[in-house]
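Heads up, protein.cif below (mmCIF, C-alpha atoms):
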```
data_model
loop_
_atom_site.label_atom_id
_atom_site.label_comp_id
_atom_site.auth_asym_id
_atom_site.auth_seq_id
_atom_site.Cartn_x
_atom_site.Cartn_y
_atom_site.Cartn_z
CA MET A 1 56.14 -49.95 -23.41
CA HIS A 2 53.57 -52.41 -22.13
CA PRO A 3 50.88 -53.14 -24.77
CA ALA A 4 48.01 -52.27 -22.40
CA VAL A 5 49.52 -48.94 -21.60
CA ARG A 6 50.05 -48.19 -25.24
CA THR A 7 46.43 -49.09 -26.07
CA ARG A 8 44.98 -46.77 -23.43
CA ALA A 9 47.18 -43.95 -24.51
CA MET A 10 45.93 -44.19 -28.09
CA ILE A 11 42.20 -43.96 -27.19
CA ARG A 12 40.60 -40.64 -28.36
CA THR A 13 37.26 -39.49 -26.91
CA GLY A 14 36.90 -36.28 -28.91
CA PRO A 15 38.64 -33.84 -31.20
CA VAL A 16 42.20 -33.05 -30.32
CA PRO A 17 42.49 -29.43 -29.13
CA VAL A 18 44.74 -27.34 -31.28
CA PRO A 19 47.17 -25.33 -29.16
CA GLN A 20 47.03 -21.61 -29.83
CA PRO A 21 50.23 -19.79 -30.64
CA ARG A 22 51.44 -17.85 -27.64
CA ASN A 23 52.29 -14.84 -29.71
CA ALA A 24 48.63 -14.49 -30.94
CA ARG A 25 47.23 -14.45 -27.39
CA ARG A 26 49.88 -11.95 -26.37
CA GLY A 27 48.99 -9.81 -29.39
CA ARG A 28 45.30 -9.66 -28.40
CA SER A 29 46.19 -8.82 -24.80
CA LEU A 30 48.38 -5.98 -25.97
CA ILE A 31 45.61 -4.65 -28.21
CA ASP A 32 43.05 -4.83 -25.39
CA ALA A 33 45.40 -3.09 -23.00
CA ASP A 34 46.20 -0.37 -25.52
CA ALA A 35 42.48 0.09 -26.30
CA LEU A 36 41.67 0.49 -22.59
CA ARG A 37 44.52 2.94 -22.19
CA VAL A 38 43.13 5.04 -25.05
CA LEU A 39 39.57 4.77 -23.65
CA HIS A 40 40.63 5.82 -20.15
CA ARG A 41 42.66 8.73 -21.45
CA ALA A 42 39.67 10.13 -23.37
CA ALA A 43 37.23 9.38 -20.53
CA ARG A 44 39.29 11.42 -18.07
CA VAL A 45 39.00 14.41 -20.37
CA LEU A 46 35.22 13.89 -20.55
CA ILE A 47 35.02 13.94 -16.77
CA ASP A 48 36.70 17.34 -16.70
CA ASP A 49 34.45 18.56 -19.53
CA LEU A 50 31.23 17.12 -18.04
CA PRO A 51 29.25 20.39 -17.74
CA ASP A 52 29.73 21.14 -21.43
CA LEU A 53 28.82 17.55 -22.29
CA THR A 54 25.66 17.92 -20.21
CA ASP A 55 24.71 21.13 -22.00
CA ARG A 56 25.13 19.43 -25.36
CA LEU A 57 22.99 16.45 -24.37
CA VAL A 58 20.22 18.61 -22.86
CA ALA A 59 20.09 20.70 -26.04
CA LEU A 60 20.04 17.56 -28.17
CA VAL A 61 17.21 16.00 -26.17
CA GLN A 62 15.23 19.24 -26.20
CA GLU A 63 15.62 19.42 -29.97
CA GLN A 64 14.74 15.83 -30.80
CA GLU A 65 12.26 14.84 -28.05
CA THR A 66 9.24 17.10 -27.62
CA ALA A 67 8.13 15.01 -24.62
CA TYR A 68 11.09 16.35 -22.65
CA ARG A 69 10.35 20.00 -23.38
CA THR A 70 7.73 20.24 -20.62
CA ALA A 71 10.14 18.78 -18.06
CA LEU A 72 12.85 21.21 -19.16
CA GLU A 73 10.47 24.18 -19.11
CA THR A 74 9.09 23.41 -15.66
CA ASP A 75 12.31 22.25 -14.00
CA TYR A 76 15.33 22.97 -16.17
CA ALA A 77 17.81 22.95 -13.28
CA GLY A 78 16.55 19.65 -11.90
CA THR A 79 16.57 18.01 -15.33
CA TRP A 80 20.06 19.33 -16.05
CA GLN A 81 21.36 17.92 -12.76
CA GLU A 82 19.75 14.56 -13.53
CA VAL A 83 21.43 14.42 -16.96
CA HIS A 84 24.73 15.49 -15.39
CA ARG A 85 24.60 12.69 -12.79
CA SER A 86 23.72 10.10 -15.42
CA LEU A 87 26.60 11.17 -17.67
CA ARG A 88 29.03 11.23 -14.77
CA HIS A 89 28.10 7.68 -13.75
CA SER A 90 28.34 6.54 -17.37
CA VAL A 91 31.81 8.01 -17.93
CA MET A 92 33.07 6.85 -14.51
CA SER A 93 31.89 3.34 -15.41
CA LEU A 94 34.26 3.45 -18.39
CA LEU A 95 37.14 4.13 -16.00
CA ASP A 96 36.13 1.73 -13.22
CA PRO A 97 33.26 -0.58 -14.26
CA ARG A 98 33.17 -2.61 -11.05
CA GLY A 99 33.50 0.32 -8.67
CA ASN A 100 30.76 2.36 -10.32
CA ARG A 101 28.36 -0.35 -11.48
CA ASP A 102 25.92 -0.21 -8.54
CA ALA A 103 25.83 3.58 -8.36
CA ALA A 104 25.23 3.84 -12.11
CA ARG A 105 22.40 1.31 -11.96
CA ARG A 106 20.74 3.14 -9.05
CA CYS A 107 20.96 6.40 -10.97
CA SER A 108 19.32 4.91 -14.07
CA TRP A 109 16.62 3.24 -11.97
CA LYS A 110 15.72 6.53 -10.27
CA ILE A 111 15.50 8.26 -13.65
CA GLY A 112 13.13 5.58 -14.93
CA VAL A 113 10.88 5.96 -11.87
CA ARG A 114 10.90 9.74 -12.00
CA ARG A 115 10.08 9.92 -15.70
CA ALA A 116 7.20 7.46 -15.21
CA GLU A 117 5.83 9.69 -12.45
CA GLN A 118 6.13 12.72 -14.74
CA GLY A 119 4.32 10.92 -17.55
CA VAL A 120 7.20 11.12 -20.03
CA PRO A 121 6.63 8.37 -22.66
CA LEU A 122 8.95 5.39 -22.35
CA ASP A 123 10.02 5.67 -26.00
CA ALA A 124 11.17 9.24 -25.39
CA LEU A 125 13.08 8.18 -22.28
CA LEU A 126 14.90 5.36 -24.09
CA HIS A 127 15.68 7.66 -27.00
CA ALA A 128 17.22 10.16 -24.57
CA PHE A 129 19.41 7.43 -23.06
CA ARG A 130 20.59 6.33 -26.49
CA LEU A 131 21.31 9.93 -27.43
CA GLY A 132 23.46 10.12 -24.31
CA GLY A 133 25.33 6.96 -25.28
CA SER A 134 25.89 8.26 -28.82
CA LEU A 135 27.14 11.61 -27.52
CA VAL A 136 29.60 9.98 -25.10
CA TRP A 137 30.95 7.73 -27.84
CA GLN A 138 31.22 10.68 -30.24
CA ARG A 139 33.16 12.70 -27.68
CA LEU A 140 35.50 9.77 -26.99
CA VAL A 141 36.28 9.55 -30.70
CA GLU A 142 36.65 13.33 -31.03
CA GLU A 143 39.02 13.59 -28.09
CA THR A 144 41.15 10.68 -29.29
CA SER A 145 41.26 12.12 -32.81
CA ARG A 146 42.42 15.46 -31.39
CA THR A 147 45.18 14.15 -29.13
CA ALA A 148 46.27 10.91 -30.84
CA PRO A 149 44.67 10.29 -34.23
CA GLU A 150 46.62 7.07 -34.71
CA ASP A 151 44.85 5.57 -31.65
CA VAL A 152 41.28 6.02 -32.95
CA ARG A 153 41.40 2.56 -34.52
CA LEU A 154 41.95 1.04 -31.08
CA LEU A 155 38.59 2.32 -29.82
CA VAL A 156 36.91 -0.26 -32.07
CA HIS A 157 38.03 -2.93 -29.61
CA VAL A 158 36.05 -1.36 -26.74
CA ALA A 159 33.01 -0.22 -28.76
CA THR A 160 31.11 -3.39 -27.88
CA ASP A 161 31.62 -2.80 -24.15
CA VAL A 162 30.46 0.80 -24.44
CA TRP A 163 27.29 -0.07 -26.31
CA ASN A 164 26.59 -3.08 -24.09
CA PHE A 165 26.63 -0.61 -21.18
CA VAL A 166 24.12 1.61 -23.01
CA ASP A 167 21.85 -1.37 -23.78
CA GLU A 168 22.06 -2.61 -20.19
CA HIS A 169 20.95 0.74 -18.80
CA CYS A 170 18.19 1.12 -21.40
CA THR A 171 16.82 -2.22 -20.21
CA LEU A 172 17.23 -1.17 -16.59
CA VAL A 173 15.48 2.16 -17.04
CA ALA A 174 12.65 0.47 -18.97
CA ASP A 175 12.15 -2.04 -16.14
CA ALA A 176 12.10 0.76 -13.57
CA TYR A 177 9.67 2.75 -15.71
CA ARG A 178 7.24 -0.16 -16.14
CA GLN A 179 7.35 -1.10 -12.47
CA ALA A 180 6.71 2.50 -11.43
CA GLU A 181 3.95 2.73 -14.02
CA ARG A 182 2.24 -0.34 -12.55
CA GLN A 183 2.51 1.08 -9.05
CA LEU A 184 1.15 4.43 -10.18
CA ALA A 185 -1.76 2.73 -11.95
CA TRP A 186 -2.53 0.71 -8.82
CA ARG A 187 -2.41 3.86 -6.69
CA ARG A 188 -4.69 5.72 -9.09
CA GLU A 189 -7.17 2.83 -9.18
CA ASN A 190 -7.08 2.48 -5.42
CA ARG A 191 -7.53 6.23 -4.97
CA VAL A 192 -10.49 6.25 -7.35
CA ARG A 193 -11.97 3.28 -5.53
CA LEU A 194 -11.63 5.05 -2.17
CA LEU A 195 -13.19 8.22 -3.58
CA ALA A 196 -16.10 6.26 -5.08
CA ALA A 197 -16.63 4.33 -1.84
CA ALA A 198 -16.74 7.57 0.17
CA LEU A 199 -19.18 9.03 -2.35
CA LEU A 200 -21.52 6.03 -2.08
CA ASP A 201 -21.22 5.94 1.72
CA GLY A 202 -22.10 9.62 1.94
CA THR A 203 -18.81 10.39 3.73
CA SER A 204 -17.11 12.23 0.86
CA ARG A 205 -15.79 15.67 1.77
CA ILE A 206 -16.89 18.68 -0.24
CA ALA A 207 -13.22 19.50 -0.85
CA ASP A 208 -12.73 16.06 -2.47
CA LEU A 209 -15.59 16.41 -4.96
CA PRO A 210 -13.52 18.00 -7.77
CA GLU A 211 -10.92 15.22 -7.50
CA THR A 212 -13.70 12.64 -7.34
CA ALA A 213 -15.34 14.06 -10.46
CA GLU A 214 -12.03 13.93 -12.32
CA GLY A 215 -11.20 10.41 -11.12
CA LEU A 216 -14.63 9.02 -12.00
CA ASP A 217 -14.80 11.07 -15.23
CA LEU A 218 -18.20 12.43 -14.21
CA PRO A 219 -19.38 16.04 -13.83
CA GLU A 220 -19.60 17.29 -10.27
CA HIS A 221 -23.01 18.92 -10.78
CA GLY A 222 -24.68 16.35 -13.03
CA ARG A 223 -27.85 14.37 -12.36
CA TYR A 224 -27.37 10.80 -11.19
CA VAL A 225 -29.09 7.52 -10.53
CA VAL A 226 -27.42 4.75 -8.55
CA VAL A 227 -27.98 1.14 -9.60
CA ALA A 228 -27.40 -1.61 -7.03
CA VAL A 229 -26.80 -5.04 -8.58
CA ALA A 230 -26.50 -8.31 -6.68
CA GLY A 231 -26.15 -11.93 -7.77
CA GLY A 232 -25.27 -13.36 -11.15
CA ARG A 233 -21.92 -11.56 -11.24
CA PRO A 234 -20.24 -12.25 -14.57
CA PRO A 235 -16.67 -13.56 -14.55
CA GLY A 236 -13.86 -11.16 -15.34
CA PRO A 237 -12.13 -8.12 -13.87
CA SER A 238 -13.67 -5.34 -11.86
CA GLY A 239 -16.09 -3.30 -13.93
CA ALA A 240 -17.63 -6.27 -15.75
CA ARG A 241 -21.06 -4.80 -14.88
CA ALA A 242 -20.45 -2.02 -17.41
CA SER A 243 -22.19 -4.05 -20.11
CA ALA A 244 -25.42 -4.02 -18.08
CA VAL A 245 -26.25 -0.40 -18.84
CA PRO A 246 -27.40 0.82 -22.26
CA PRO A 247 -24.65 1.73 -24.76
CA GLY A 248 -23.45 5.31 -24.54
CA THR A 249 -24.38 5.65 -20.86
CA ARG A 250 -21.71 7.25 -18.70
CA VAL A 251 -21.37 5.14 -15.59
CA HIS A 252 -18.76 4.35 -12.97
CA TRP A 253 -19.01 0.88 -11.43
CA HIS A 254 -17.87 0.24 -7.88
CA THR A 255 -17.47 -3.44 -7.09
CA GLY A 256 -18.44 -4.49 -3.59
CA VAL A 257 -18.36 -7.77 -1.70
CA GLU A 258 -22.01 -8.67 -2.33
CA VAL A 259 -23.42 -5.65 -4.19
CA ASP A 260 -22.00 -3.69 -7.12
CA TYR A 261 -22.99 -0.06 -7.52
CA GLY A 262 -23.23 1.88 -10.76
CA ILE A 263 -23.17 5.67 -10.53
CA VAL A 264 -25.06 6.53 -13.71
CA LEU A 265 -25.10 9.99 -15.28
CA VAL A 266 -28.56 10.79 -16.62
CA GLY A 267 -29.72 13.59 -18.89
CA ASP A 268 -31.57 16.76 -18.08
CA GLU A 269 -35.00 15.31 -18.81
CA ASP A 270 -37.78 15.35 -16.22
CA PRO A 271 -37.10 12.43 -13.87
CA GLU A 272 -40.81 11.90 -13.54
CA GLY A 273 -41.28 11.71 -17.33
CA ASP A 274 -41.45 8.70 -19.60
CA ASP A 275 -37.78 8.79 -20.59
CA ASP A 276 -36.09 6.08 -18.51
CA PRO A 277 -32.28 6.46 -18.56
CA LEU A 278 -31.89 2.75 -17.75
CA GLU A 279 -34.67 1.36 -19.90
CA GLY A 280 -32.23 -1.00 -21.60
CA LEU A 281 -30.71 -2.38 -18.39
CA ASP A 282 -29.39 -5.83 -19.28
CA LEU A 283 -28.68 -8.14 -16.35
CA ALA A 284 -27.12 -11.56 -16.16
CA PRO A 285 -29.54 -14.41 -15.34
CA GLY A 286 -30.32 -14.53 -11.65
CA SER A 287 -29.24 -10.94 -11.03
CA LYS A 288 -31.25 -8.49 -8.99
CA ALA A 289 -31.06 -4.75 -9.59
CA GLY A 290 -32.41 -1.83 -7.61
CA VAL A 291 -32.64 1.55 -9.34
CA GLY A 292 -32.93 4.55 -7.04
CA SER A 293 -34.39 7.97 -7.70
CA VAL A 294 -32.61 10.75 -9.57
CA VAL A 295 -30.45 13.08 -7.47
CA THR A 296 -28.53 16.22 -8.41
CA GLY A 297 -24.78 16.48 -7.89
CA LEU A 298 -22.14 14.01 -6.79
CA ALA A 299 -22.61 15.18 -3.21
CA ALA A 300 -26.05 13.51 -3.21
CA VAL A 301 -24.84 10.14 -4.52
CA GLY A 302 -24.79 8.76 -0.96
CA ASP A 303 -28.55 9.38 -0.71
CA ALA A 304 -29.04 7.83 -4.15
CA ARG A 305 -27.16 4.72 -3.03
CA GLN A 306 -29.48 4.31 -0.03
CA LEU A 307 -32.47 4.57 -2.37
CA ALA A 308 -30.92 1.96 -4.68
CA ASP A 309 -30.37 -0.38 -1.71
CA LEU A 310 -33.99 0.14 -0.75
CA ALA A 311 -35.10 -0.80 -4.26
CA LEU A 312 -32.79 -3.82 -4.25
CA SER A 313 -34.33 -5.09 -1.02
CA ILE A 314 -37.73 -5.21 -2.75
CA CYS A 315 -36.47 -7.38 -5.63
CA PRO A 316 -37.92 -10.88 -5.84
CA GLN A 317 -35.57 -13.75 -5.08
CA ALA A 318 -35.78 -15.01 -8.65
CA GLY A 319 -34.16 -11.80 -9.88
CA GLY A 320 -35.24 -8.81 -11.91
CA THR A 321 -35.13 -5.03 -11.79
CA ILE A 322 -37.02 -2.83 -9.35
CA ARG A 323 -37.26 0.91 -9.96
CA LEU A 324 -37.96 2.71 -6.73
CA THR A 325 -40.28 5.27 -8.31
CA GLU A 326 -42.59 2.44 -9.39
CA HIS A 327 -42.69 0.74 -5.96
CA LEU A 328 -42.98 3.54 -3.43
CA PRO A 329 -45.51 1.79 -1.13
CA GLU A 330 -43.21 -1.22 -0.86
CA ALA A 331 -40.29 1.10 -0.23
CA LEU A 332 -42.17 2.81 2.59
CA VAL A 333 -42.80 -0.53 4.25
CA VAL A 334 -39.24 -1.80 3.86
CA SER A 335 -37.69 1.50 4.97
CA CYS A 336 -39.17 0.98 8.44
CA PRO A 337 -39.50 -2.79 8.97
CA GLU A 338 -40.57 -2.47 12.61
CA LEU A 339 -43.64 -0.42 11.67
CA GLY A 340 -44.31 -2.70 8.70
CA THR A 341 -44.33 -5.78 10.91
CA THR A 342 -46.59 -4.04 13.42
CA LEU A 343 -49.00 -3.02 10.65
CA ALA A 344 -49.16 -6.58 9.29
CA ASP A 345 -49.89 -7.99 12.75
CA GLN A 346 -52.57 -5.43 13.52
CA VAL A 347 -54.40 -5.62 10.19
CA LEU A 348 -53.93 -9.27 9.25
CA GLY A 349 -53.58 -10.76 12.74
CA PRO A 350 -56.91 -12.66 12.74
CA LEU A 351 -56.12 -14.11 9.30
CA LEU A 352 -52.59 -15.08 10.26
CA ARG A 353 -53.86 -17.10 13.23
CA LEU A 354 -55.98 -19.40 11.06
CA GLU A 355 -54.90 -22.86 9.96
CA PRO A 356 -52.17 -22.54 7.29
CA ALA A 357 -54.31 -23.89 4.43
CA ASP A 358 -57.25 -21.61 5.25
CA ARG A 359 -54.95 -18.64 5.90
CA ASP A 360 -53.13 -18.97 2.61
CA VAL A 361 -56.35 -19.20 0.59
CA LEU A 362 -57.70 -15.98 2.07
CA LEU A 363 -54.41 -14.09 1.75
CA ASP A 364 -53.97 -15.20 -1.87
CA THR A 365 -57.51 -14.10 -2.65
CA LEU A 366 -56.91 -10.66 -1.15
CA SER A 367 -53.66 -10.27 -3.11
CA ALA A 368 -55.26 -11.39 -6.37
CA TRP A 369 -58.23 -9.05 -5.91
CA LEU A 370 -55.92 -6.09 -5.29
CA SER A 371 -53.71 -7.00 -8.26
CA CYS A 372 -56.81 -7.15 -10.47
CA ASP A 373 -57.86 -3.64 -9.46
CA GLY A 374 -60.77 -4.89 -7.32
CA SER A 375 -62.28 -7.12 -10.05
CA ALA A 376 -63.70 -10.32 -8.56
CA GLN A 377 -64.19 -11.73 -12.08
CA ARG A 378 -60.51 -11.38 -13.05
CA ALA A 379 -59.36 -12.49 -9.63
CA GLY A 380 -61.44 -15.65 -10.01
CA GLU A 381 -59.86 -16.34 -13.40
CA ARG A 382 -56.43 -15.96 -11.89
CA LEU A 383 -57.30 -18.23 -8.97
CA TYR A 384 -59.27 -20.73 -11.13
CA CYS A 385 -62.50 -20.28 -9.16
CA HIS A 386 -65.90 -18.59 -9.61
CA ARG A 387 -66.23 -14.87 -8.92
CA ASN A 388 -68.82 -15.65 -6.21
CA THR A 389 -66.21 -17.77 -4.44
CA VAL A 390 -63.89 -14.78 -4.51
CA LEU A 391 -66.61 -12.53 -3.11
CA ASN A 392 -67.40 -15.00 -0.30
CA ARG A 393 -63.72 -15.18 0.67
CA LEU A 394 -63.43 -11.40 0.63
CA ARG A 395 -66.45 -11.03 2.90
CA ARG A 396 -64.86 -13.47 5.32
CA CYS A 397 -61.66 -11.41 5.27
CA GLU A 398 -63.67 -8.31 6.10
CA GLN A 399 -65.34 -10.06 9.02
CA LEU A 400 -62.04 -11.34 10.45
CA THR A 401 -60.07 -8.10 10.05
CA GLY A 402 -62.90 -5.71 10.85
CA ARG A 403 -62.06 -3.67 7.75
CA SER A 404 -64.22 -2.94 4.72
CA LEU A 405 -62.92 -3.33 1.18
CA ALA A 406 -65.33 -0.61 0.16
CA ARG A 407 -63.53 1.93 2.32
CA PRO A 408 -60.41 3.35 0.59
CA LEU A 409 -58.46 3.87 3.82
CA ASP A 410 -59.02 0.25 4.85
CA VAL A 411 -57.94 -0.96 1.40
CA VAL A 412 -54.69 1.02 1.75
CA GLU A 413 -54.01 -0.54 5.15
CA ILE A 414 -54.72 -4.05 3.88
CA SER A 415 -52.53 -3.51 0.80
CA LEU A 416 -49.62 -2.23 2.88
CA ALA A 417 -50.05 -5.01 5.42
CA LEU A 418 -49.93 -7.65 2.66
CA THR A 419 -46.81 -6.00 1.23
CA ALA A 420 -45.17 -5.95 4.65
CA ARG A 421 -45.90 -9.63 5.20
CA ARG A 422 -44.52 -10.54 1.77
CA LEU A 423 -41.34 -8.53 2.08
CA LEU A 424 -40.55 -8.81 5.81
CA ARG A 425 -41.42 -12.36 6.75
#
```

Take the structure in the file and write it out as C-alpha cells.
Amino acid sequence: MHPAVRTRAMIRTGPVPVPQPRNARRGRSLIDADALRVLHRAARVLIDDLPDLTDRLVALVQEQETAYRTALETDYAGTWQEVHRSLRHSVMSLLDPRGNRDAARRCSWKIGVRRAEQGVPLDALLHAFRLGGSLVWQRLVEETSRTAPEDVRLLVHVATDVWNFVDEHCTLVADAYRQAERQLAWRRENRVRLLAAALLDGTSRIADLPETAEGLDLPEHGRYVVVAVAGGRPPGPSGARASAVPPGTRVHWHTGVEVDYGIVLVGDEDPEGDDDPLEGLDLAPGSKAGVGSVVTGLAAVGDARQLADLALSICPQAGGTIRLTEHLPEALVVSCPELGTTLADQVLGPLLRLEPADRDVLLDTLSAWLSCDGSAQRAGERLYCHRNTVLNRLRRCEQLTGRSLARPLDVVEISLALTARRLLR
C-alpha cells in the first residue's frame, strides 16, 4: 500500500461508531410490533364498548368536577355526545394515528372553545381530559388482562405514546380555551363600550337598559352625574381616568378620541345641597373637567353628558374643574353662542370699537368691578389704581353703552355680555 494512502486511512476525526448487534435491533422491533398488536386488539374492543366507556367517564367527571355539573344538568345529552366524540377520536387515534390526527385535534379544539364560552374553569376542563386519558388506559389494561394476561407487560412499551397523546390534547384544548377566552373578553369589552357610547349619545334603547346596567355594573334607576375630562390624559390602558374620582365612587369611564366621560353614581342626597359627590376630583396637570348636573336613571345619561360638555366648554385653557351648577350664566351664554355674540355686540359694541389699549382698560375695569361685587375700592386694589379712577372709568362705560350700573337689569346684561365675549371670542 502506498504510504500516503495508508496515512489518510489512519486519520480519525471523531469517536469510532460501535456497530449495534443485529439481533438487538430485531428484538426491539419485535417487541414494538407485539406491543402495537396488543394495543390495537384492546382498542378495537373499546370502540365496540364506547357507549359504556362514555357513561363511565361522564359519571366520573360529574363526581370529581363540580364545575361540570351545571353543564350536565342543563344539557346532559349534548355533553354526553361531546364526551363520546372525544373518546371515539382518542381510541381511533390509537388504531390509526395519522388518519385520525386532524379530526381528533379539531374535536379537542372545539371542546376547548365551547367550554370557554360556557365559563367552565380551565383547570376543570384539563382535569376532565386527564380523567378521560386515565380511563382509556385503564380499560386497555383491563381488556388485555381479561383476554391475554401475559400480554399486559407489552403495553408498557406504548404507554409513553398514549400519555403523549393525552398531553398533546391537553395543551391543544388549553390553547383553544385561552384564545376563545380572549375573544370573548374582547367581545364583552366592545359590547360594553358600544352600550356606554349609546348611553352617552342618548341613542340607547329602553330595551337595552337592563343589559347596559349589568355591563356597566351600575343600577338602572340610580342618580348620575357625567364628568367630561379633556387634556392631560395619563399614560396607560383605557380606564386610567378612574383614579380621578374620589375613592369608593362607582364610575364607568368611557374613553373617547379627545374627551373621556365618567358616568358617576351619586347618592340620594339633595343635589342642590352642600354634599358634592365629586368634591375630591383629582385631575392630571393641564386637564380640564366639566361636571354636569345630577340626573335620575341611566336613560337620562345622554342629557347629563350634554350638560358635562357644556361645563367643559366653559373651562379655562389652563385647566381646572367647572361644575355646571356653579356657572349657570356662563352655561346659558355658551349654550346659544349666536345669541351670546349678538348680546356682546349690542351691549359692548361702543366699547369694542375703541382703540385696543383704551378698550381693554375699560373692559378689565368692568370685569374687576363685577368680580368685587360692585366695590370700587376692591376693584382699584386689584387693578392697582385709585378707587376714583375706577369710578371715572365706570362712568365712561355707562356713557358709551347707554346702560346704568345702578340698574340691576343693565348690570345683568353687561355681565352676560362680558361673559359672552370672554367665552366666545

Can you tell me, as a list in words, what residues are no more than 6 Å from Gly292 in chain A when counting all atoms listed in the file, ignoring any on the same chain fewer than 2 positions away? Val225, Val226, Ala304, Leu307, Ala308 and Leu324 of chain A

The PyMOL selection byres ((chain A and resi 58-68) around 7) on the file shown: which residues, as a PyMOL selection string? chain A and resi 54-57+69-72+80+120+124+128

Radius query 9 Å about (-14.6, 11.8, -1.5), atoms used: all atoms listed in the file, as a list in words: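 The residues that fall inside the cut-off are Leu194, Leu195, Ala196, Ala197, Ala198, Leu199, Gly202, Thr203, Ser204, Arg205, Ile206, Ala207, Asp208, Leu209, Pro210, Glu211, Thr212 and Ala299 of chain A.
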
I'd like the box whose edges run along x, y and z of the file and which contains every listed atom of range 406-411 of chain A, padded by 4 Å per side; could you state its centre and edge lengths in Å, one decimal, as JSON?
```
{"center_x": -61.6, "center_y": 1.5, "center_z": 2.5, "size_x": 15.4, "size_y": 12.8, "size_z": 12.7}
```

Residue nearest Asp32 in chain A among A:Val291, A:Ala159, A:Leu50, A:Val113 (counting only C-alpha atoms): A:Ala159

Coordinates-based distance that separates CA of Ser134 in chain A from CA of Trp163 in chain A (Å, one decimal): 8.8 Å

Under the rule that all atoms listed in the file are counted, which of A:Ile414, A:Leu265, A:Leu140, A:Leu122 is the nearest residue to Val301 in chain A?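 The answer is A:Leu265, which sits nearest to Val301 in chain A.
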
Could you tell me which residues the PyMOL selection byres ((chain A and resi 325) around 9) grabs in this file, written as a ChimeraX atom specification? /A:272,291-293,311,322-324,326-328

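Shell of Leu95 in chain A at 7 Å, with all atoms listed in the file counted and residues fewer than 3 places along the chain excluded, is His40, Ala43, Val91 and Met92 of chain A.
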
Residues returned when the PyMOL selection byres ((chain A and resi 263) around 7) runs on this file, as a short mmCIF file (atom, residue, chain, number, x, y, z; two decimals) with C-alpha atoms, keeping the file's coordinate frame:
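This went into result_14.cif:
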```
data_model
loop_
_atom_site.label_atom_id
_atom_site.label_comp_id
_atom_site.auth_asym_id
_atom_site.auth_seq_id
_atom_site.Cartn_x
_atom_site.Cartn_y
_atom_site.Cartn_z
CA TYR A 224 -27.37 10.80 -11.19
CA VAL A 225 -29.09 7.52 -10.53
CA VAL A 226 -27.42 4.75 -8.55
CA VAL A 227 -27.98 1.14 -9.60
CA VAL A 251 -21.37 5.14 -15.59
CA HIS A 252 -18.76 4.35 -12.97
CA TRP A 253 -19.01 0.88 -11.43
CA TYR A 261 -22.99 -0.06 -7.52
CA GLY A 262 -23.23 1.88 -10.76
CA VAL A 264 -25.06 6.53 -13.71
CA LEU A 265 -25.10 9.99 -15.28
#
```

If you measure from CA of Leu343 in chain A to CA of Ser367 in chain A, what distance in Å do you get, rounded to one decimal?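 Separation between CA of Leu343 in chain A and CA of Ser367 in chain A: 16.2 Å.
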
Need to verify the contact set: Thr342 in chain A, 12 Å, all atoms listed in the file, exclusion of same-chain residues closer than 2 positions in sequence. Can you return it as JSON, numbers by chain? {"A": [333, 336, 337, 338, 339, 340, 344, 345, 346, 347, 348, 349, 413, 416, 417, 418, 420, 421, 424, 425]}

Just the number, please: distance in Å from CA of Gly320 in chain A to CA of Asp260 in chain A, one decimal.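 Going from CA of Gly320 in chain A over to CA of Asp260 in chain A, I get 15.0 Å.
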
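Using only C-alpha atoms, the smallest distance between any of A:Arg98, A:His84, A:Arg403, A:Arg395 and Ile111 in chain A comes from A:His84.
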
Using only C-alpha atoms, which of the listed residues (A:Ser145, A:Ser415, A:Asn392, A:Gln81) sits closest to Ala368 in chain A?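 Smallest distance to Ala368 in chain A is found for A:Ser415.
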